[in-house]
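Source file: my_file_18.cif. Holds: mmCIF, N, CA and C atoms.
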data_input
loop_
_atom_site.label_atom_id
_atom_site.label_comp_id
_atom_site.auth_asym_id
_atom_site.auth_seq_id
_atom_site.Cartn_x
_atom_site.Cartn_y
_atom_site.Cartn_z
N MET I 9 18.94 -144.49 -146.61
CA MET I 9 19.14 -145.92 -146.62
C MET I 9 19.58 -146.39 -148.01
N THR I 10 19.10 -145.73 -149.04
CA THR I 10 19.50 -146.13 -150.38
C THR I 10 20.96 -145.80 -150.63
N ARG I 11 21.48 -144.77 -149.97
CA ARG I 11 22.90 -144.42 -150.11
C ARG I 11 23.77 -145.56 -149.59
N LYS I 12 23.36 -146.13 -148.46
CA LYS I 12 24.12 -147.23 -147.87
C LYS I 12 24.14 -148.42 -148.82
N ASN I 13 23.02 -148.75 -149.40
CA ASN I 13 22.95 -149.87 -150.34
C ASN I 13 23.83 -149.61 -151.55
N GLN I 14 23.86 -148.38 -152.04
CA GLN I 14 24.69 -148.04 -153.19
C GLN I 14 26.17 -148.14 -152.82
N PHE I 15 26.49 -147.75 -151.60
CA PHE I 15 27.88 -147.83 -151.16
C PHE I 15 28.38 -149.26 -151.21
N TRP I 16 27.64 -150.17 -150.58
CA TRP I 16 28.08 -151.57 -150.55
C TRP I 16 28.06 -152.20 -151.94
N LYS I 17 27.11 -151.80 -152.73
CA LYS I 17 27.04 -152.29 -154.11
C LYS I 17 28.27 -151.82 -154.88
N GLY I 18 28.65 -150.55 -154.69
CA GLY I 18 29.85 -150.01 -155.33
C GLY I 18 31.12 -150.71 -154.84
N MET I 19 31.17 -150.99 -153.54
CA MET I 19 32.32 -151.71 -152.99
C MET I 19 32.45 -153.09 -153.63
N LEU I 20 31.35 -153.80 -153.74
CA LEU I 20 31.36 -155.13 -154.33
C LEU I 20 31.78 -155.07 -155.80
N LEU I 21 31.20 -154.15 -156.55
CA LEU I 21 31.57 -154.01 -157.97
C LEU I 21 33.03 -153.62 -158.13
N GLY I 22 33.53 -152.76 -157.26
CA GLY I 22 34.94 -152.35 -157.33
C GLY I 22 35.86 -153.52 -157.03
N ALA I 23 35.49 -154.32 -156.04
CA ALA I 23 36.30 -155.49 -155.71
C ALA I 23 36.32 -156.48 -156.86
N LEU I 24 35.15 -156.69 -157.47
CA LEU I 24 35.09 -157.61 -158.61
C LEU I 24 35.92 -157.09 -159.78
N ALA I 25 35.83 -155.80 -160.04
CA ALA I 25 36.60 -155.21 -161.14
C ALA I 25 38.09 -155.32 -160.85
N GLY I 26 38.48 -155.04 -159.63
CA GLY I 26 39.90 -155.15 -159.26
C GLY I 26 40.40 -156.58 -159.40
N GLY I 27 39.59 -157.54 -158.96
CA GLY I 27 39.97 -158.94 -159.10
C GLY I 27 40.12 -159.35 -160.56
N ALA I 28 39.19 -158.88 -161.39
CA ALA I 28 39.23 -159.22 -162.82
C ALA I 28 40.48 -158.62 -163.47
N VAL I 29 40.80 -157.39 -163.13
CA VAL I 29 41.98 -156.73 -163.72
C VAL I 29 43.25 -157.45 -163.29
N SER I 30 43.29 -157.88 -162.03
CA SER I 30 44.50 -158.57 -161.55
C SER I 30 44.72 -159.90 -162.27
N LEU I 31 43.66 -160.49 -162.82
CA LEU I 31 43.80 -161.77 -163.51
C LEU I 31 44.43 -161.64 -164.90
N PHE I 32 44.69 -160.41 -165.35
CA PHE I 32 45.39 -160.22 -166.62
C PHE I 32 46.84 -160.72 -166.51
N ASP I 33 47.38 -160.78 -165.31
CA ASP I 33 48.74 -161.24 -165.09
C ASP I 33 48.76 -162.77 -165.08
N GLN I 34 49.66 -163.37 -165.86
CA GLN I 34 49.74 -164.83 -166.00
C GLN I 34 50.05 -165.50 -164.65
N HIS I 35 51.01 -164.97 -163.91
CA HIS I 35 51.39 -165.57 -162.63
C HIS I 35 50.21 -165.55 -161.64
N THR I 36 49.49 -164.45 -161.60
CA THR I 36 48.34 -164.34 -160.70
C THR I 36 47.27 -165.37 -161.07
N ARG I 37 47.02 -165.54 -162.38
CA ARG I 37 46.04 -166.53 -162.81
C ARG I 37 46.46 -167.94 -162.39
N THR I 38 47.74 -168.25 -162.54
CA THR I 38 48.24 -169.58 -162.18
C THR I 38 48.07 -169.83 -160.68
N VAL I 39 48.47 -168.86 -159.88
CA VAL I 39 48.37 -169.00 -158.42
C VAL I 39 46.90 -169.12 -158.01
N MET I 40 46.04 -168.32 -158.59
CA MET I 40 44.62 -168.37 -158.24
C MET I 40 44.01 -169.71 -158.64
N THR I 41 44.39 -170.24 -159.80
CA THR I 41 43.88 -171.54 -160.24
C THR I 41 44.29 -172.63 -159.24
N GLU I 42 45.56 -172.61 -158.81
CA GLU I 42 46.03 -173.60 -157.83
C GLU I 42 45.26 -173.46 -156.51
N ASN I 43 45.07 -172.23 -156.07
CA ASN I 43 44.36 -172.01 -154.80
C ASN I 43 42.90 -172.46 -154.88
N VAL I 44 42.25 -172.18 -155.99
CA VAL I 44 40.86 -172.59 -156.15
C VAL I 44 40.76 -174.11 -156.16
N LYS I 45 41.70 -174.79 -156.82
CA LYS I 45 41.70 -176.25 -156.83
C LYS I 45 41.89 -176.81 -155.42
N LYS I 46 42.82 -176.23 -154.66
CA LYS I 46 43.06 -176.70 -153.28
C LYS I 46 41.82 -176.51 -152.42
N VAL I 47 41.24 -175.33 -152.48
CA VAL I 47 40.06 -175.03 -151.66
C VAL I 47 38.89 -175.91 -152.06
N SER I 48 38.66 -176.07 -153.36
CA SER I 48 37.53 -176.89 -153.80
C SER I 48 37.75 -178.35 -153.41
N GLY I 49 38.99 -178.83 -153.44
CA GLY I 49 39.28 -180.20 -153.01
C GLY I 49 39.00 -180.38 -151.53
N LYS I 50 39.39 -179.38 -150.73
CA LYS I 50 39.13 -179.47 -149.29
C LYS I 50 37.64 -179.40 -148.99
N ILE I 51 36.93 -178.55 -149.70
CA ILE I 51 35.48 -178.44 -149.48
C ILE I 51 34.78 -179.74 -149.86
N SER I 52 35.17 -180.32 -150.97
CA SER I 52 34.52 -181.58 -151.39
C SER I 52 34.85 -182.69 -150.40
N TYR I 53 36.05 -182.72 -149.84
CA TYR I 53 36.40 -183.72 -148.83
C TYR I 53 35.53 -183.54 -147.58
N ILE I 54 35.34 -182.30 -147.17
CA ILE I 54 34.50 -182.02 -145.99
C ILE I 54 33.07 -182.45 -146.24
N VAL I 55 32.56 -182.19 -147.44
CA VAL I 55 31.18 -182.56 -147.77
C VAL I 55 31.02 -184.09 -147.78
N ARG I 56 32.03 -184.81 -148.30
CA ARG I 56 31.96 -186.28 -148.35
C ARG I 56 32.22 -186.94 -146.99
N ASN I 57 32.99 -186.31 -146.11
CA ASN I 57 33.38 -186.92 -144.83
C ASN I 57 33.09 -185.98 -143.65
N PRO I 58 31.86 -185.61 -143.44
CA PRO I 58 31.58 -184.65 -142.35
C PRO I 58 31.88 -185.23 -140.96
N GLY I 59 31.66 -186.54 -140.78
CA GLY I 59 31.92 -187.17 -139.48
C GLY I 59 33.39 -187.13 -139.11
N GLU I 60 34.25 -187.40 -140.08
CA GLU I 60 35.69 -187.38 -139.84
C GLU I 60 36.17 -185.97 -139.48
N VAL I 61 35.65 -185.00 -140.20
CA VAL I 61 36.02 -183.61 -139.92
C VAL I 61 35.53 -183.21 -138.54
N THR I 62 34.31 -183.61 -138.19
CA THR I 62 33.75 -183.30 -136.88
C THR I 62 34.59 -183.95 -135.78
N ASP I 63 34.96 -185.22 -135.97
CA ASP I 63 35.80 -185.91 -134.98
C ASP I 63 37.15 -185.22 -134.83
N SER I 64 37.71 -184.79 -135.93
CA SER I 64 39.00 -184.09 -135.89
C SER I 64 38.89 -182.79 -135.11
N ILE I 65 37.81 -182.06 -135.35
CA ILE I 65 37.59 -180.79 -134.63
C ILE I 65 37.39 -181.05 -133.14
N LYS I 66 36.61 -182.10 -132.82
CA LYS I 66 36.39 -182.44 -131.41
C LYS I 66 37.71 -182.83 -130.74
N GLY I 67 38.53 -183.61 -131.43
CA GLY I 67 39.83 -184.01 -130.88
C GLY I 67 40.72 -182.81 -130.62
N THR I 68 40.73 -181.89 -131.56
CA THR I 68 41.53 -180.68 -131.39
C THR I 68 41.00 -179.86 -130.22
N ALA I 69 39.70 -179.73 -130.12
CA ALA I 69 39.11 -178.97 -129.01
C ALA I 69 39.44 -179.62 -127.67
N LEU I 70 39.42 -180.95 -127.61
CA LEU I 70 39.75 -181.66 -126.37
C LEU I 70 41.22 -181.44 -126.00
N ARG I 71 42.11 -181.49 -126.99
CA ARG I 71 43.53 -181.24 -126.70
C ARG I 71 43.75 -179.81 -126.20
N VAL I 72 43.06 -178.87 -126.81
CA VAL I 72 43.17 -177.48 -126.36
C VAL I 72 42.65 -177.34 -124.94
N LYS I 73 41.53 -177.97 -124.65
CA LYS I 73 40.95 -177.92 -123.30
C LYS I 73 41.91 -178.51 -122.28
N ASN I 74 42.51 -179.67 -122.60
CA ASN I 74 43.46 -180.30 -121.68
C ASN I 74 44.69 -179.43 -121.46
N THR I 75 45.15 -178.81 -122.52
CA THR I 75 46.31 -177.92 -122.40
C THR I 75 45.99 -176.72 -121.52
N VAL I 76 44.81 -176.14 -121.71
CA VAL I 76 44.40 -174.99 -120.88
C VAL I 76 44.29 -175.41 -119.42
N GLU I 77 43.72 -176.59 -119.15
CA GLU I 77 43.61 -177.06 -117.77
C GLU I 77 44.99 -177.27 -117.16
N GLN I 78 45.91 -177.84 -117.91
CA GLN I 78 47.27 -178.07 -117.41
C GLN I 78 47.96 -176.75 -117.11
N VAL I 79 47.82 -175.80 -118.01
CA VAL I 79 48.43 -174.48 -117.79
C VAL I 79 47.81 -173.82 -116.56
N SER I 80 46.51 -173.95 -116.39
CA SER I 80 45.84 -173.38 -115.21
C SER I 80 46.38 -174.00 -113.94
N GLU I 81 46.56 -175.33 -113.94
CA GLU I 81 47.12 -176.00 -112.76
C GLU I 81 48.54 -175.53 -112.49
N ASP I 82 49.33 -175.39 -113.55
CA ASP I 82 50.71 -174.93 -113.39
C ASP I 82 50.76 -173.51 -112.82
N VAL I 83 49.89 -172.65 -113.33
CA VAL I 83 49.84 -171.27 -112.84
C VAL I 83 49.42 -171.24 -111.37
N ALA I 84 48.44 -172.07 -111.01
CA ALA I 84 47.99 -172.12 -109.61
C ALA I 84 49.13 -172.60 -108.71
N TYR I 85 49.90 -173.58 -109.17
CA TYR I 85 51.03 -174.09 -108.39
C TYR I 85 52.09 -173.00 -108.21
N ILE I 86 52.39 -172.28 -109.28
CA ILE I 86 53.38 -171.20 -109.20
C ILE I 86 52.90 -170.11 -108.25
N ILE I 87 51.64 -169.75 -108.33
CA ILE I 87 51.10 -168.73 -107.44
C ILE I 87 51.20 -169.18 -105.98
N GLU I 88 50.91 -170.46 -105.74
CA GLU I 88 51.01 -171.00 -104.38
C GLU I 88 52.45 -170.90 -103.87
N LYS I 89 53.42 -171.25 -104.72
CA LYS I 89 54.83 -171.18 -104.31
C LYS I 89 55.27 -169.74 -104.08
N VAL I 90 54.80 -168.83 -104.88
CA VAL I 90 55.14 -167.41 -104.69
C VAL I 90 54.57 -166.91 -103.36
N ASP I 91 53.35 -167.31 -103.05
CA ASP I 91 52.75 -166.92 -101.77
C ASP I 91 53.55 -167.50 -100.60
N GLU I 92 53.99 -168.75 -100.75
CA GLU I 92 54.81 -169.35 -99.70
C GLU I 92 56.11 -168.57 -99.51
N LEU I 93 56.72 -168.16 -100.63
CA LEU I 93 57.95 -167.38 -100.54
C LEU I 93 57.71 -166.03 -99.87
N ARG I 94 56.58 -165.43 -100.18
CA ARG I 94 56.25 -164.14 -99.55
C ARG I 94 56.12 -164.29 -98.04
N GLU I 95 55.53 -165.40 -97.61
CA GLU I 95 55.38 -165.64 -96.18
C GLU I 95 56.72 -166.00 -95.55
N LEU I 96 57.55 -166.72 -96.26
CA LEU I 96 58.82 -167.20 -95.73
C LEU I 96 59.89 -166.11 -95.70
N THR I 97 59.87 -165.20 -96.63
CA THR I 97 60.92 -164.18 -96.74
C THR I 97 61.08 -163.35 -95.47
N PRO I 98 60.02 -162.83 -94.85
CA PRO I 98 60.22 -162.07 -93.62
C PRO I 98 60.84 -162.93 -92.50
N LYS I 99 60.46 -164.21 -92.44
CA LYS I 99 61.02 -165.10 -91.43
C LYS I 99 62.51 -165.29 -91.67
N VAL I 100 62.90 -165.51 -92.91
CA VAL I 100 64.30 -165.69 -93.25
C VAL I 100 65.07 -164.41 -92.95
N THR I 101 64.52 -163.28 -93.30
CA THR I 101 65.17 -162.00 -93.04
C THR I 101 65.40 -161.81 -91.55
N GLU I 102 64.40 -162.12 -90.77
CA GLU I 102 64.53 -161.99 -89.31
C GLU I 102 65.59 -162.94 -88.78
N SER I 103 65.64 -164.17 -89.28
CA SER I 103 66.65 -165.14 -88.85
C SER I 103 68.05 -164.66 -89.21
N VAL I 104 68.21 -164.11 -90.39
CA VAL I 104 69.51 -163.61 -90.82
C VAL I 104 69.94 -162.45 -89.92
N LYS I 105 69.01 -161.57 -89.58
CA LYS I 105 69.34 -160.45 -88.69
C LYS I 105 69.76 -160.97 -87.32
N GLU I 106 69.06 -161.98 -86.81
CA GLU I 106 69.41 -162.54 -85.51
C GLU I 106 70.80 -163.16 -85.54
N VAL I 107 71.10 -163.90 -86.61
CA VAL I 107 72.43 -164.51 -86.74
C VAL I 107 73.49 -163.42 -86.82
N LYS I 108 73.23 -162.39 -87.59
CA LYS I 108 74.18 -161.29 -87.73
C LYS I 108 74.42 -160.63 -86.38
N ASP I 109 73.34 -160.36 -85.65
CA ASP I 109 73.47 -159.73 -84.34
C ASP I 109 74.28 -160.62 -83.40
N THR I 110 74.00 -161.94 -83.43
CA THR I 110 74.71 -162.88 -82.57
C THR I 110 76.20 -162.91 -82.93
N VAL I 111 76.50 -162.98 -84.21
CA VAL I 111 77.90 -163.01 -84.64
C VAL I 111 78.59 -161.70 -84.27
N THR I 112 77.91 -160.61 -84.46
CA THR I 112 78.48 -159.31 -84.11
C THR I 112 78.74 -159.24 -82.61
N LYS I 113 77.78 -159.71 -81.85
CA LYS I 113 77.92 -159.69 -80.39
C LYS I 113 79.09 -160.56 -79.96
N LEU I 114 79.19 -161.75 -80.52
CA LEU I 114 80.30 -162.65 -80.19
C LEU I 114 81.63 -162.03 -80.59
N GLY I 115 81.66 -161.39 -81.73
CA GLY I 115 82.89 -160.74 -82.18
C GLY I 115 83.30 -159.62 -81.24
N GLU I 116 82.33 -158.85 -80.77
CA GLU I 116 82.63 -157.77 -79.83
C GLU I 116 83.14 -158.32 -78.50
N GLU I 117 82.54 -159.42 -78.03
CA GLU I 117 82.98 -160.03 -76.77
C GLU I 117 84.40 -160.56 -76.91
N ASP I 118 84.72 -161.20 -78.05
CA ASP I 118 86.08 -161.68 -78.27
C ASP I 118 87.07 -160.53 -78.32
N LEU I 119 86.68 -159.43 -78.93
CA LEU I 119 87.54 -158.26 -79.01
C LEU I 119 87.79 -157.69 -77.63
N GLU I 120 86.73 -157.64 -76.80
CA GLU I 120 86.89 -157.15 -75.43
C GLU I 120 87.84 -158.06 -74.65
N LEU I 121 87.69 -159.37 -74.79
CA LEU I 121 88.58 -160.31 -74.10
C LEU I 121 90.02 -160.12 -74.57
N PHE I 122 90.19 -159.93 -75.86
CA PHE I 122 91.52 -159.74 -76.42
C PHE I 122 92.15 -158.46 -75.87
N GLU I 123 91.34 -157.39 -75.77
CA GLU I 123 91.85 -156.12 -75.28
C GLU I 123 92.14 -156.20 -73.78
N GLU I 124 91.36 -156.97 -73.03
CA GLU I 124 91.54 -157.07 -71.59
C GLU I 124 92.78 -157.90 -71.23
N LYS I 125 93.12 -158.83 -72.00
CA LYS I 125 94.25 -159.72 -71.71
C LYS I 125 95.56 -158.98 -71.91
N ASP I 126 96.42 -159.15 -70.99
CA ASP I 126 97.73 -158.47 -71.05
C ASP I 126 98.73 -159.44 -71.65
N TYR I 127 99.10 -159.20 -72.87
CA TYR I 127 100.01 -160.09 -73.57
C TYR I 127 101.47 -159.78 -73.25
N THR I 128 101.74 -158.70 -72.60
CA THR I 128 103.13 -158.33 -72.31
C THR I 128 103.71 -159.24 -71.23
N LYS I 129 102.91 -159.79 -70.33
CA LYS I 129 103.40 -160.63 -69.24
C LYS I 129 103.76 -162.02 -69.74
N GLU I 130 103.23 -162.45 -70.81
CA GLU I 130 103.45 -163.82 -71.29
C GLU I 130 104.81 -163.97 -71.95
N ARG I 131 105.46 -162.93 -72.29
CA ARG I 131 106.72 -163.04 -73.02
C ARG I 131 107.82 -163.24 -72.11
#

Just dump the structure as structure tokens.
Amino acid sequence: MTRKNQFWKGMLLGALAGGAVSLFDQHTRTVMTENVKKVSGKISYIVRNPGEVTDSIKGTALRVKNTVEQVSEDVAYIIEKVDELRELTPKVTESVKEVKDTVTKLGEEDLELFEEKDYTKER
């Protein structure tokens, strides 16, 4: 158990040492100073206005909830339409086959009539 504690202690010390070494660079120090100022400003605003932050979070949560509900309704509608198409497709296929058979049959009957008629007598 003491090995585990030493490991995490070493990790923390290494991270601190790495952070300190990286601050030798002027650009890194400038960026870190700006970031710390931004974060501290946001934290102090949250501490001074907790109700406003809470209301903002509640509003965002409500918008997310409404969006999820709308998407769920849209998905349910699409699923319903897909199911209707699945039921309708075999009926349409059968109707198309019937029409094709009827047209084919009519075409064959017309061909038979054409072949039976003697066109040589009409001239």

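Taking atom N of Ala69 of chain I and atom C of Asn57 of chain I as endpoints, the distance between them is 16.3 Å.
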
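For the pair atom CA of Val76 of chain I and atom N of Glu60 of chain I, the interatomic distance is 25.0 Å.
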
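The interatomic distance for the pair atom CA of Phe32 of chain I and atom CA of Gln14 of chain I works out to 27.5 Å.
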
So for segment 47-56 of chain I, what box centre and size do we get, axis-aligned, 3 Å extra on each of the six sides, every listed atom, Å to one decimal, as AutoDock Vina command-line options?
--center_x 36.1 --center_y -181.0 --center_z -149.9 --size_x 16.2 --size_y 17.9 --size_z 13.8
